[in-house]
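Below is the file start_22.txt, which contains compact mmCIF, C-alpha atoms.
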```
# COMPACT_ATOMS: atom_id res chain seq x y z
CA MET A 1 -31.23 36.42 -11.61
CA ASN A 2 -29.91 38.28 -14.66
CA LEU A 3 -30.12 35.76 -17.48
CA LEU A 4 -29.23 38.21 -20.25
CA PRO A 5 -26.87 41.20 -20.61
CA PRO A 6 -28.51 44.48 -19.52
CA ASP A 7 -28.23 45.94 -23.05
CA SER A 8 -30.00 42.96 -24.63
CA GLN A 9 -32.73 43.75 -27.17
CA ALA A 10 -34.63 40.82 -25.71
CA LEU A 11 -34.90 42.56 -22.33
CA ALA A 12 -36.24 45.66 -24.06
CA TYR A 13 -38.95 43.58 -25.70
CA VAL A 14 -39.77 41.93 -22.36
CA ALA A 15 -40.24 45.36 -20.80
CA ARG A 16 -42.59 46.39 -23.62
CA ASP A 17 -44.47 43.11 -23.23
CA HIS A 18 -44.95 43.71 -19.50
CA ALA A 19 -46.32 47.16 -20.22
CA HIS A 20 -48.84 46.14 -22.89
CA LEU A 21 -49.80 42.46 -22.59
CA SER A 22 -51.87 40.62 -20.03
CA PRO A 23 -49.89 39.57 -16.97
CA SER A 24 -51.68 36.21 -17.02
CA TYR A 25 -49.13 34.68 -19.39
CA THR A 26 -46.41 32.53 -17.83
CA ARG A 27 -42.80 32.89 -18.99
CA SER A 28 -39.91 31.10 -17.32
CA TYR A 29 -37.09 33.06 -18.96
CA PRO A 30 -36.62 35.98 -21.39
CA PHE A 31 -36.42 34.20 -24.72
CA VAL A 32 -37.63 36.56 -27.49
CA MET A 33 -37.72 34.67 -30.77
CA ALA A 34 -36.65 36.22 -34.07
CA ARG A 35 -36.55 33.17 -36.35
CA GLY A 36 -36.36 29.40 -36.37
CA ARG A 37 -35.54 26.54 -38.67
CA GLY A 38 -36.01 22.93 -37.73
CA SER A 39 -34.91 22.44 -34.09
CA GLU A 40 -32.78 25.59 -33.96
CA VAL A 41 -34.07 29.04 -33.03
CA TRP A 42 -32.47 32.48 -32.72
CA ASP A 43 -33.47 35.36 -30.48
CA VAL A 44 -33.60 39.05 -31.38
CA ASP A 45 -29.96 39.42 -30.30
CA GLY A 46 -28.82 36.65 -32.64
CA ARG A 47 -28.24 34.03 -29.95
CA ARG A 48 -28.82 30.43 -31.08
CA TYR A 49 -30.78 27.92 -29.00
CA LEU A 50 -31.90 24.32 -29.35
CA ASP A 51 -35.67 24.18 -29.01
CA PHE A 52 -36.87 21.28 -26.87
CA THR A 53 -40.28 22.88 -26.32
CA THR A 54 -41.66 23.06 -29.90
CA GLY A 55 -44.04 25.81 -28.80
CA ILE A 56 -45.54 23.36 -26.27
CA ALA A 57 -45.57 20.29 -28.53
CA VAL A 58 -46.90 22.17 -31.56
CA THR A 59 -44.14 22.39 -34.19
CA ASN A 60 -43.82 18.62 -34.57
CA THR A 61 -42.31 19.04 -38.04
CA GLY A 62 -39.82 21.64 -36.80
CA HIS A 63 -39.91 25.38 -37.23
CA SER A 64 -40.88 26.61 -40.70
CA HIS A 65 -40.61 23.29 -42.49
CA PRO A 66 -40.29 24.19 -46.20
CA ALA A 67 -43.13 21.89 -47.26
CA VAL A 68 -45.51 23.38 -44.68
CA VAL A 69 -44.49 26.95 -45.52
CA GLN A 70 -45.00 26.31 -49.22
CA ALA A 71 -48.45 24.83 -48.63
CA ILE A 72 -49.43 27.92 -46.64
CA LYS A 73 -48.09 30.26 -49.34
CA ASP A 74 -49.91 28.38 -52.09
CA GLN A 75 -53.20 28.53 -50.22
CA ALA A 76 -52.69 32.21 -49.32
CA ASP A 77 -52.43 32.97 -53.04
CA ARG A 78 -55.85 31.36 -53.57
CA PHE A 79 -57.85 32.75 -50.60
CA LEU A 80 -57.34 33.32 -46.88
CA HIS A 81 -60.80 32.73 -45.44
CA MET A 82 -64.32 31.62 -46.28
CA SER A 83 -66.06 30.37 -43.17
CA GLY A 84 -66.64 26.64 -43.26
CA THR A 85 -69.67 27.19 -41.04
CA ASP A 86 -71.67 28.58 -43.96
CA PHE A 87 -69.73 27.67 -47.10
CA TYR A 88 -67.73 24.83 -48.64
CA TYR A 89 -64.08 24.77 -49.70
CA PRO A 90 -61.76 21.91 -50.75
CA PRO A 91 -59.02 22.24 -48.08
CA GLN A 92 -61.47 21.65 -45.23
CA ILE A 93 -63.23 18.76 -46.99
CA GLU A 94 -59.97 17.08 -48.03
CA LEU A 95 -58.49 17.35 -44.54
CA ALA A 96 -61.65 15.89 -42.99
CA GLU A 97 -61.49 12.96 -45.40
CA ARG A 98 -57.88 12.34 -44.49
CA LEU A 99 -58.46 12.54 -40.74
CA ASN A 100 -61.35 10.12 -41.06
CA ARG A 101 -59.09 7.68 -42.91
CA ILE A 102 -56.49 7.65 -40.12
CA ALA A 103 -58.88 7.90 -37.15
CA PRO A 104 -58.31 5.07 -34.64
CA MET A 105 -61.96 4.02 -34.81
CA ARG A 106 -63.92 1.49 -36.80
CA GLY A 107 -66.75 2.49 -39.09
CA PRO A 108 -67.52 5.84 -40.69
CA THR A 109 -66.46 8.90 -38.72
CA ARG A 110 -67.00 12.65 -38.99
CA VAL A 111 -64.87 15.68 -38.14
CA PHE A 112 -65.66 19.01 -36.52
CA PHE A 113 -62.94 21.67 -36.81
CA THR A 114 -61.96 24.16 -34.11
CA ASN A 115 -59.19 26.71 -33.59
CA SER A 116 -57.52 25.13 -30.56
CA GLY A 117 -57.37 22.22 -28.17
CA THR A 118 -59.56 24.01 -25.66
CA GLU A 119 -62.25 24.48 -28.29
CA ALA A 120 -61.95 20.81 -29.25
CA ILE A 121 -62.66 19.85 -25.64
CA GLU A 122 -65.63 22.23 -25.49
CA ALA A 123 -67.02 20.70 -28.69
CA ALA A 124 -66.54 17.19 -27.32
CA MET A 125 -68.37 18.08 -24.12
CA LYS A 126 -71.31 19.52 -26.04
CA LEU A 127 -71.44 16.53 -28.39
CA ALA A 128 -71.27 14.06 -25.49
CA ARG A 129 -74.18 15.74 -23.70
CA TYR A 130 -76.18 16.02 -26.90
CA HIS A 131 -75.69 12.38 -27.85
CA THR A 132 -76.21 10.78 -24.44
CA ARG A 133 -78.69 13.27 -22.96
CA ARG A 134 -76.68 12.93 -19.73
CA PRO A 135 -75.37 15.90 -17.71
CA ARG A 136 -72.21 14.75 -15.91
CA PHE A 137 -68.52 14.36 -16.74
CA LEU A 138 -65.67 12.53 -15.07
CA ALA A 139 -62.10 13.81 -15.44
CA PHE A 140 -58.86 13.25 -13.53
CA PHE A 141 -56.68 15.06 -11.03
CA GLY A 142 -53.59 16.36 -12.78
CA ALA A 143 -55.47 16.83 -16.04
CA PHE A 144 -55.11 19.86 -18.26
CA HIS A 145 -57.81 20.28 -20.89
CA GLY A 146 -57.85 24.03 -21.43
CA ARG A 147 -58.86 27.35 -19.90
CA THR A 148 -62.34 28.17 -21.22
CA TYR A 149 -65.09 27.43 -18.73
CA GLY A 150 -66.02 23.90 -19.76
CA ALA A 151 -62.43 22.81 -20.35
CA LEU A 152 -61.33 24.56 -17.16
CA SER A 153 -63.96 22.65 -15.21
CA LEU A 154 -62.26 19.43 -16.34
CA THR A 155 -58.76 20.79 -15.68
CA ALA A 156 -57.24 19.92 -12.29
CA SER A 157 -53.55 20.60 -12.77
CA LYS A 158 -52.74 23.81 -10.87
CA VAL A 159 -54.92 25.77 -8.48
CA VAL A 160 -53.83 29.08 -10.05
CA GLN A 161 -55.70 28.06 -13.19
CA ARG A 162 -58.97 27.94 -11.19
CA ARG A 163 -58.51 30.55 -8.48
CA GLY A 164 -60.95 33.42 -8.84
CA PHE A 165 -63.06 31.87 -11.60
CA ALA A 166 -65.74 29.96 -9.65
CA PRO A 167 -68.40 28.78 -10.08
CA LEU A 168 -67.28 26.42 -12.81
CA LEU A 169 -69.40 24.00 -14.83
CA PRO A 170 -71.53 21.83 -12.52
CA GLY A 171 -71.57 18.07 -12.78
CA VAL A 172 -67.80 17.51 -13.16
CA VAL A 173 -66.10 15.06 -10.79
CA HIS A 174 -62.42 14.15 -10.70
CA ALA A 175 -60.83 10.75 -10.13
CA ILE A 176 -57.22 9.79 -9.43
CA TYR A 177 -54.96 9.28 -12.44
CA PRO A 178 -52.65 6.29 -11.86
CA ASN A 179 -49.01 7.31 -11.48
CA PRO A 180 -46.60 4.34 -11.41
CA PHE A 181 -43.78 6.47 -9.94
CA ARG A 182 -45.94 7.91 -7.16
CA ASN A 183 -48.48 5.16 -6.63
CA PRO A 184 -51.29 6.45 -4.40
CA TRP A 185 -52.24 2.83 -3.65
CA PRO A 186 -49.04 1.24 -2.26
CA GLY A 187 -48.99 -2.48 -2.74
CA ARG A 188 -51.65 -2.41 -5.46
CA GLU A 189 -51.35 -2.23 -9.22
CA PRO A 190 -52.21 1.46 -9.76
CA GLY A 191 -54.10 1.09 -13.02
CA GLN A 192 -56.63 -1.38 -11.65
CA ALA A 193 -56.79 0.48 -8.35
CA ALA A 194 -57.74 3.68 -10.19
CA LEU A 195 -60.49 1.84 -12.06
CA ASP A 196 -61.78 0.27 -8.85
CA TYR A 197 -61.92 3.70 -7.22
CA ILE A 198 -64.17 4.99 -9.99
CA GLU A 199 -66.49 1.98 -10.13
CA ASN A 200 -66.63 0.96 -6.48
CA HIS A 201 -66.34 4.34 -4.80
CA LEU A 202 -67.40 7.23 -7.03
CA PHE A 203 -70.15 5.34 -8.83
CA LYS A 204 -71.55 4.09 -5.51
CA THR A 205 -71.36 7.29 -3.50
CA THR A 206 -71.49 10.53 -5.46
CA VAL A 207 -71.62 9.94 -9.24
CA PRO A 208 -74.58 7.99 -10.66
CA PRO A 209 -72.99 6.26 -13.66
CA ASP A 210 -76.20 6.47 -15.69
CA GLU A 211 -75.89 10.27 -15.52
CA VAL A 212 -72.30 10.41 -16.82
CA ALA A 213 -72.08 11.57 -20.42
CA ALA A 214 -68.35 11.04 -20.81
CA ILE A 215 -65.08 10.21 -19.14
CA ILE A 216 -62.47 12.60 -20.51
CA VAL A 217 -58.84 11.56 -20.20
CA GLU A 218 -55.38 12.20 -21.59
CA PRO A 219 -53.74 8.92 -22.68
CA ILE A 220 -50.54 10.38 -21.20
CA GLN A 221 -51.02 13.29 -18.82
CA GLY A 222 -49.25 16.36 -20.17
CA GLU A 223 -49.30 19.42 -17.94
CA GLY A 224 -49.77 17.07 -14.98
CA GLY A 225 -46.24 15.68 -15.35
CA TYR A 226 -46.04 13.50 -18.49
CA ILE A 227 -47.48 10.61 -16.53
CA VAL A 228 -47.63 7.38 -18.53
CA PRO A 229 -50.37 5.19 -17.02
CA PRO A 230 -49.98 1.46 -16.42
CA ASP A 231 -50.91 -0.69 -19.40
CA SER A 232 -54.05 -1.87 -17.61
CA PHE A 233 -55.58 1.58 -17.27
CA LEU A 234 -56.83 2.77 -20.66
CA PRO A 235 -58.18 -0.64 -21.79
CA GLY A 236 -59.88 -0.95 -18.40
CA LEU A 237 -61.36 2.52 -18.74
CA ARG A 238 -62.63 1.61 -22.20
CA ALA A 239 -64.35 -1.49 -20.77
CA LEU A 240 -65.83 0.49 -17.87
CA CYS A 241 -67.33 3.01 -20.29
CA HIS A 242 -68.88 0.17 -22.31
CA ARG A 243 -70.48 -1.29 -19.18
CA TYR A 244 -72.23 1.93 -18.25
CA GLY A 245 -72.99 3.45 -21.65
CA ILE A 246 -70.50 6.27 -21.06
CA LEU A 247 -68.58 7.89 -23.91
CA LEU A 248 -64.79 7.74 -23.72
CA VAL A 249 -63.29 11.05 -24.84
CA LEU A 250 -59.54 10.95 -25.43
CA ASP A 251 -57.73 14.27 -25.23
CA GLU A 252 -54.88 13.76 -27.71
CA VAL A 253 -54.24 17.48 -28.09
CA GLN A 254 -50.64 17.01 -26.94
CA THR A 255 -50.13 13.27 -27.45
CA GLY A 256 -51.47 13.07 -31.00
CA MET A 257 -49.95 13.67 -34.43
CA GLY A 258 -46.93 11.40 -34.05
CA ARG A 259 -45.62 12.83 -30.78
CA THR A 260 -45.44 9.45 -29.00
CA GLY A 261 -44.10 7.44 -31.95
CA ARG A 262 -47.60 6.52 -33.11
CA MET A 263 -50.04 8.77 -34.94
CA PHE A 264 -52.21 8.69 -31.80
CA ALA A 265 -51.09 7.66 -28.33
CA CYS A 266 -54.16 5.46 -27.81
CA GLU A 267 -52.72 3.12 -30.46
CA HIS A 268 -50.05 2.05 -27.93
CA TRP A 269 -52.86 0.37 -25.96
CA GLY A 270 -55.23 -0.55 -28.79
CA VAL A 271 -57.97 1.63 -27.30
CA GLU A 272 -60.74 3.11 -29.46
CA PRO A 273 -62.22 6.42 -28.31
CA ASP A 274 -65.78 7.54 -28.85
CA ILE A 275 -64.57 11.10 -29.39
CA LEU A 276 -60.99 12.04 -30.21
CA CYS A 277 -59.74 15.58 -29.54
CA LEU A 278 -56.80 16.97 -31.57
CA ALA A 279 -54.88 20.25 -31.91
CA LYS A 280 -51.27 21.41 -31.26
CA GLY A 281 -49.15 19.41 -33.75
CA ILE A 282 -51.93 19.00 -36.31
CA ALA A 283 -50.91 22.03 -38.39
CA SER A 284 -47.25 22.63 -37.43
CA GLY A 285 -47.99 25.93 -35.73
CA LEU A 286 -51.12 27.29 -37.34
CA PRO A 287 -54.19 27.42 -35.07
CA LEU A 288 -56.28 24.34 -35.73
CA GLY A 289 -58.08 21.75 -33.65
CA ALA A 290 -60.57 19.00 -34.37
CA ILE A 291 -62.77 16.36 -32.87
CA ILE A 292 -63.42 13.06 -34.62
CA ALA A 293 -66.35 10.82 -33.71
CA PRO A 294 -68.34 8.00 -35.28
CA ALA A 295 -71.07 9.24 -37.56
CA ALA A 296 -73.62 7.64 -35.25
CA ILE A 297 -72.44 9.94 -32.45
CA MET A 298 -71.75 13.11 -34.45
CA ASN A 299 -75.29 13.41 -35.73
CA TRP A 300 -76.28 16.79 -34.29
CA PRO A 301 -78.31 19.01 -36.63
CA PRO A 302 -77.24 22.14 -38.54
CA GLY A 303 -76.77 25.05 -36.16
CA ALA A 304 -76.10 22.88 -33.11
CA HIS A 305 -72.43 23.85 -33.09
CA ALA A 306 -70.21 25.91 -35.40
CA SER A 307 -67.04 28.02 -35.64
CA THR A 308 -66.27 31.02 -37.84
CA PHE A 309 -62.53 30.30 -38.07
CA GLY A 310 -62.36 26.57 -37.27
CA GLY A 311 -60.94 24.75 -40.27
CA ASN A 312 -59.44 27.92 -41.72
CA PRO A 313 -58.10 27.15 -45.23
CA LEU A 314 -54.52 28.18 -44.38
CA ALA A 315 -54.52 25.91 -41.33
CA CYS A 316 -56.03 23.05 -43.33
CA ALA A 317 -53.34 23.39 -45.99
CA ALA A 318 -50.66 23.33 -43.29
CA ALA A 319 -52.29 20.25 -41.75
CA MET A 320 -52.29 18.38 -45.05
CA ALA A 321 -48.58 19.09 -45.49
CA THR A 322 -47.98 18.07 -41.88
CA LEU A 323 -49.73 14.74 -42.42
CA ASP A 324 -47.64 14.14 -45.54
CA LEU A 325 -44.51 14.53 -43.43
CA LEU A 326 -45.79 12.45 -40.53
CA GLU A 327 -46.85 9.58 -42.77
CA GLY A 328 -43.68 10.01 -44.84
CA GLY A 329 -41.40 8.87 -42.01
CA LEU A 330 -41.51 11.36 -39.14
CA ILE A 331 -43.58 9.08 -36.89
CA GLU A 332 -41.04 6.27 -37.22
CA MET A 333 -38.24 8.80 -36.69
CA ALA A 334 -39.95 10.01 -33.50
CA ALA A 335 -40.13 6.45 -32.18
CA ALA A 336 -36.46 5.73 -32.93
CA THR A 337 -35.12 9.07 -31.72
CA GLY A 338 -37.34 8.89 -28.65
CA ALA A 339 -35.97 5.48 -27.72
CA TYR A 340 -32.41 6.80 -28.11
CA LEU A 341 -33.11 9.93 -26.06
CA GLN A 342 -34.86 7.96 -23.32
CA GLU A 343 -31.92 5.58 -23.06
CA ARG A 344 -29.49 8.48 -22.79
CA LEU A 345 -31.67 10.14 -20.14
CA CYS A 346 -31.64 6.91 -18.14
CA ASP A 347 -27.85 6.93 -18.36
CA LEU A 348 -27.92 10.51 -17.08
CA ALA A 349 -30.17 9.47 -14.21
CA GLY A 350 -27.62 6.84 -13.24
CA ARG A 351 -25.08 9.61 -12.68
CA PHE A 352 -27.45 12.22 -11.19
CA PRO A 353 -29.35 10.92 -8.15
CA VAL A 354 -31.62 13.98 -8.34
CA ILE A 355 -33.32 12.45 -11.39
CA GLY A 356 -35.93 10.30 -9.74
CA ASP A 357 -37.73 9.11 -12.86
CA VAL A 358 -37.41 9.09 -16.64
CA ARG A 359 -40.64 8.43 -18.49
CA GLY A 360 -42.58 8.92 -21.69
CA LYS A 361 -43.15 7.50 -25.15
CA GLY A 362 -41.62 8.59 -28.43
CA LEU A 363 -40.54 12.20 -28.18
CA MET A 364 -42.90 12.98 -25.32
CA LEU A 365 -40.39 12.51 -22.49
CA ALA A 366 -39.82 13.91 -19.02
CA ILE A 367 -37.38 13.71 -16.15
CA GLU A 368 -38.65 14.18 -12.60
CA LEU A 369 -36.27 15.91 -10.19
CA VAL A 370 -36.19 14.89 -6.54
CA LYS A 371 -34.13 15.72 -3.46
CA ASP A 372 -33.01 12.12 -3.13
CA ARG A 373 -34.04 8.67 -4.31
CA VAL A 374 -34.74 7.42 -0.81
CA THR A 375 -37.75 9.62 -0.16
CA ASN A 376 -38.29 10.81 -3.77
CA GLU A 377 -39.32 14.15 -2.30
CA PRO A 378 -40.10 16.51 -5.18
CA ASP A 379 -37.62 19.32 -5.82
CA PRO A 380 -39.43 22.02 -7.82
CA ASP A 381 -36.77 24.61 -6.99
CA LEU A 382 -34.05 22.49 -8.57
CA ARG A 383 -36.28 21.90 -11.60
CA ASN A 384 -36.70 25.65 -12.05
CA ARG A 385 -32.97 26.31 -11.68
CA VAL A 386 -32.13 23.65 -14.26
CA ILE A 387 -34.54 25.24 -16.75
CA GLU A 388 -32.98 28.67 -16.14
CA ARG A 389 -29.42 27.37 -16.53
CA ALA A 390 -30.45 25.51 -19.69
CA PHE A 391 -31.68 28.78 -21.17
CA VAL A 392 -28.39 30.47 -20.34
CA ASN A 393 -26.55 27.54 -21.95
CA GLY A 394 -28.64 27.65 -25.12
CA LEU A 395 -31.31 24.98 -24.54
CA LEU A 396 -35.02 25.80 -24.30
CA LEU A 397 -36.96 23.63 -21.86
CA ILE A 398 -40.28 23.89 -20.04
CA GLY A 399 -41.60 22.16 -16.96
CA CYS A 400 -44.64 20.04 -16.25
CA GLY A 401 -46.20 18.84 -13.05
CA LEU A 402 -44.66 20.06 -9.81
CA ASN A 403 -41.05 19.09 -10.45
CA SER A 404 -40.58 17.59 -13.91
CA ILE A 405 -38.96 18.82 -17.11
CA ARG A 406 -40.41 17.89 -20.46
CA LEU A 407 -38.27 17.12 -23.48
CA ILE A 408 -40.37 17.55 -26.59
CA PRO A 409 -38.21 18.38 -29.61
CA ALA A 410 -39.40 18.27 -33.20
CA LEU A 411 -40.02 14.77 -34.49
CA ASN A 412 -37.38 15.26 -37.20
CA ILE A 413 -34.59 16.50 -34.91
CA PRO A 414 -31.19 15.25 -36.12
CA ARG A 415 -29.35 12.88 -33.80
CA GLU A 416 -26.41 15.27 -33.49
CA LEU A 417 -28.69 17.97 -32.06
CA VAL A 418 -30.07 15.46 -29.54
CA ASP A 419 -26.51 14.76 -28.42
CA GLU A 420 -25.77 18.48 -28.18
CA ALA A 421 -28.90 19.03 -26.11
CA LEU A 422 -27.95 16.22 -23.74
CA LEU A 423 -24.57 17.85 -23.11
CA LEU A 424 -26.28 21.17 -22.42
CA LEU A 425 -28.77 19.49 -20.09
CA GLU A 426 -25.97 17.79 -18.16
CA ARG A 427 -24.08 21.07 -17.85
CA SER A 428 -27.24 22.77 -16.63
CA LEU A 429 -27.86 20.07 -14.02
CA VAL A 430 -24.33 20.45 -12.69
CA GLU A 431 -24.60 24.24 -12.52
CA ALA A 432 -28.01 24.15 -10.87
CA MET A 433 -26.83 21.66 -8.27
CA GLU A 434 -23.59 23.54 -7.58
CA GLY A 435 -25.58 26.71 -7.02
CA GLU A 436 -27.31 25.13 -4.03
CA GLY A 437 -24.42 23.00 -2.80
CA VAL A 438 -26.22 19.81 -3.79
CA LEU A 439 -23.19 18.28 -5.48
CA GLY A 440 -21.21 18.49 -2.27
CA GLU A 441 -23.98 16.87 -0.27
CA LEU A 442 -24.22 14.02 -2.77
CA GLY A 443 -20.47 13.56 -2.99
CA GLY A 444 -20.34 14.68 -6.62
CA VAL A 445 -21.71 12.87 -9.66
```
Structure translated into structure tokens:
Amino acid sequence: MNLLPPDSQALAYVARDHAHLSPSYTRSYPFVMARGRGSEVWDVDGRRYLDFTTGIAVTNTGHSHPAVVQAIKDQADRFLHMSGTDFYYPPQIELAERLNRIAPMRGPTRVFFTNSGTEAIEAAMKLARYHTRRPRFLAFFGAFHGRTYGALSLTASKVVQRRGFAPLLPGVVHAIYPNPFRNPWPGREPGQAALDYIENHLFKTTVPPDEVAAIIVEPIQGEGGYIVPPDSFLPGLRALCHRYGILLVLDEVQTGMGRTGRMFACEHWGVEPDILCLAKGIASGLPLGAIIAPAAIMNWPPGAHASTFGGNPLACAAAMATLDLLEGGLIEMAAATGAYLQERLCDLAGRFPVIGDVRGKGLMLAIELVKDRVTNEPDPDLRNRVIERAFVNGLLLIGCGLNSIRLIPALNIPRELVDEALLLLERSLVEAMEGEGVLGELGGV
């Protein structure tokens, strides 16, 4: 399908990209960004779009927020780099102090800085093994934790992410993540059923619990479909870890930094992690990740783990400005705007029977597209067509899971842009359904 005019500069850039970059990247449509401000972006041909992807839940404060840009400029005037592995500098120390103050854990905590979410997961895995002296990990089907070998061993989202890379890290076992919309245990409460499966099946057949260093879990599954677990699940998982001396590692790479209407998603359930993994929205677009753990757990010696660029001073300055904005009202704005958007999406679902489910918290929302609400059979083809039509109409979206679309705008998106995006989404749904004759089959909407 030709989504842009043949003389588009964007298509010329895409051709150059295909000639010179790795083909392993995944792009759904030919958006070539030139500039952005807030929730609006423009491509190299001057076309305007509403960004409901935020660079995969990264630019939580919007594109090029003036306060973040100024913090980066000010730090760049002072110095660009001095590795925190071997030297000290105020931006890294001050950011660590601030993260420790807001960490959802009791008692003194410590921070280790990384460059990305994947590196945060790798650091958490190493720390968990070091602290417990246990070799095994338990993760969940549908999880995405990253693409380096340890993180990839935990990831179980798409087979393409694993194909050709075996053998992966030994000692990793996956359990079933409870999905209220697609309950794998009909007639049972899925949260408790998932916990029972771990304790009464895995722990009694293939996974000795006294050999498990950590259970690593996303409070809300991201790449797996924006699955919000039942309220029983995370508190039950916390209790299970206590019973067996297992560390609970929460991957808040996507859910953290205000995305769900709380600073951290685990706060919705009052669950304390043993290790918290952060990245994405922490620095509004600069590469930064972190793990936070109680001082009693993060007690490895000098040289046990390090990073040349982790905690880069520019990224730390951006993170401090980001936290100022989050704590200055953006988290509350995300909660209020998210509730409004979710309500409007539910209204849309009432008029479009192909929307099988609307779910999420704050501004981490998704719609799941199905062929009908009787069977709820997934419709990934329709999902892909809707995303393509949205691009043509001026709305940037990305998918998750097999057949869902995520809606993850900046936390400070104005209400009028939310309304504009909803109109564009509705138009895109109609066009995608008309293209396959679905509207006729459903008798219109």
Can you tell me which residues surround region 159-168 of chain A at a distance of at most 10 Å, considering all atoms listed in the file, apart from same-chain residues fewer than 3 positions away, and format the answer as a PyMOL selection string?
chain A and resi 24+144+146-156+171-172
Residue among A:His174, A:Arg129, A:His63, A:Arg136 lying closest to Glu40 (chain A), counting all atoms listed in the file
A:His63
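Closest to Gly329 (chain A) among A:Ile56, A:Met263, A:Val370, A:Val354 is A:Met263, based on all atoms listed in the file.
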I'd like the neighbourhood of Gln221 (chain A) as JSON, numbers by chain, where a residue qualifies if any of its atoms comes within 9 Å (using all atoms listed in the file), though same-chain residues fewer than 2 positions away should be ignored.
{"A": [142, 143, 144, 177, 217, 218, 219, 223, 224, 225, 226, 227, 228, 229, 254, 255]}
Between CA of Ile292 (chain A) and CA of Trp269 (chain A), what distance in Å does the model show, to one decimal?
18.6 Å
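Nearest to Pro180 (chain A) of all the residues A:Ile405, A:Val358, A:Ile216, A:Ile102 is A:Val358, based on only C-alpha atoms.
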A straight line from CA of Gly55 (chain A) to CA of Phe264 (chain A) spans 19.2 Å
Could you list, as a short mmCIF file (atom, residue, chain, number, x, y, z; two decimals) with C-alpha atoms, in the coordinates of the input, every residue within 10 Å of region 74-76 of chain A, counting only C-alpha atoms and ignoring same-chain residues fewer than 3 positions away?
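Full text of selection-v6.cif as output:
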```
data_model
loop_
_atom_site.label_atom_id
_atom_site.label_comp_id
_atom_site.auth_asym_id
_atom_site.auth_seq_id
_atom_site.Cartn_x
_atom_site.Cartn_y
_atom_site.Cartn_z
CA VAL A 68 -45.51 23.38 -44.68
CA VAL A 69 -44.49 26.95 -45.52
CA GLN A 70 -45.00 26.31 -49.22
CA ALA A 71 -48.45 24.83 -48.63
CA PHE A 79 -57.85 32.75 -50.60
CA LEU A 80 -57.34 33.32 -46.88
CA HIS A 81 -60.80 32.73 -45.44
CA PRO A 91 -59.02 22.24 -48.08
CA PRO A 313 -58.10 27.15 -45.23
CA LEU A 314 -54.52 28.18 -44.38
CA ALA A 315 -54.52 25.91 -41.33
CA CYS A 316 -56.03 23.05 -43.33
CA ALA A 317 -53.34 23.39 -45.99
CA ALA A 318 -50.66 23.33 -43.29
#
```
When you count all atoms listed in the file, which of these residues is closest to Thr337 (chain A): A:Glu416, A:Glu189, A:Glu252, A:Asp357?
A:Glu416
Which one is closest to Tyr197 (chain A): A:Leu341, A:Val271, A:Leu240, A:Ala214? Count only C-alpha atoms.
A:Leu240
From the options A:Leu237, A:Met364, A:Ala213, A:Met298, which residue's atoms come nearest to Asp196 (chain A), counting all atoms listed in the file?
A:Leu237
Tell me, in Å to one decimal, how far CA of Thr59 (chain A) is from CA of Val111 (chain A).
22.1 Å
If you count all atoms listed in the file, which residues fall within 7 Å of Ala34 (chain A), apart from same-chain ones fewer than 3 positions away, as a PDB file with C-alpha atoms, keeping the file's coordinate frame?
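Output below, filename around.pdb:
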```pdb
ATOM      1  CA  TRP A  42     -32.470  32.480 -32.720  1.00  0.00           C
ATOM      2  CA  ASP A  43     -33.470  35.360 -30.480  1.00  0.00           C
ATOM      3  CA  VAL A  44     -33.600  39.050 -31.380  1.00  0.00           C
TER       4      VAL A  44
END
```
Using 3 Å of padding on each side, determine the axis-aligned box around all atoms of region 188-195 of chain A present in the file and give its centre and edge lengths in Å to one decimal, as lines of an AutoDock Vina configuration file.
```
center_x = -55.9
center_y = 0.6
center_z = -9.2
size_x = 15.1
size_y = 12.1
size_z = 13.6
```
Can you tell me, as a count of residues only, which residues sit within 12 Å of (-59.5, 29.7, -36.7) in the file's frame, using all atoms listed in the file?
32
Output as a PDB file, keeping the file's coordinate frame: region 375-381 of chain A, completed with N, CA and C atoms.
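Wrote it out as result12.pdb, contents follow:
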```
ATOM      1  N   THR A 375     -36.400   9.125  -0.416  1.00  0.00           N
ATOM      2  CA  THR A 375     -37.750   9.620  -0.160  1.00  0.00           C
ATOM      3  C   THR A 375     -38.481  10.031  -1.431  1.00  0.00           C
ATOM      4  N   ASN A 376     -37.732  10.280  -2.522  1.00  0.00           N
ATOM      5  CA  ASN A 376     -38.290  10.810  -3.770  1.00  0.00           C
ATOM      6  C   ASN A 376     -39.081  12.095  -3.539  1.00  0.00           C
ATOM      7  N   GLU A 377     -38.641  12.880  -2.557  1.00  0.00           N
ATOM      8  CA  GLU A 377     -39.320  14.150  -2.300  1.00  0.00           C
ATOM      9  C   GLU A 377     -39.140  15.074  -3.493  1.00  0.00           C
ATOM     10  N   PRO A 378     -40.215  15.640  -4.010  1.00  0.00           N
ATOM     11  CA  PRO A 378     -40.100  16.510  -5.180  1.00  0.00           C
ATOM     12  C   PRO A 378     -39.211  17.715  -4.911  1.00  0.00           C
ATOM     13  N   ASP A 379     -38.494  18.151  -5.949  1.00  0.00           N
ATOM     14  CA  ASP A 379     -37.620  19.320  -5.820  1.00  0.00           C
ATOM     15  C   ASP A 379     -37.952  20.315  -6.930  1.00  0.00           C
ATOM     16  N   PRO A 380     -39.059  21.051  -6.774  1.00  0.00           N
ATOM     17  CA  PRO A 380     -39.430  22.020  -7.820  1.00  0.00           C
ATOM     18  C   PRO A 380     -38.425  23.148  -7.973  1.00  0.00           C
ATOM     19  N   ASP A 381     -37.759  23.534  -6.891  1.00  0.00           N
ATOM     20  CA  ASP A 381     -36.770  24.610  -6.990  1.00  0.00           C
ATOM     21  C   ASP A 381     -35.604  24.207  -7.883  1.00  0.00           C
TER      22      ASP A 381
END
```
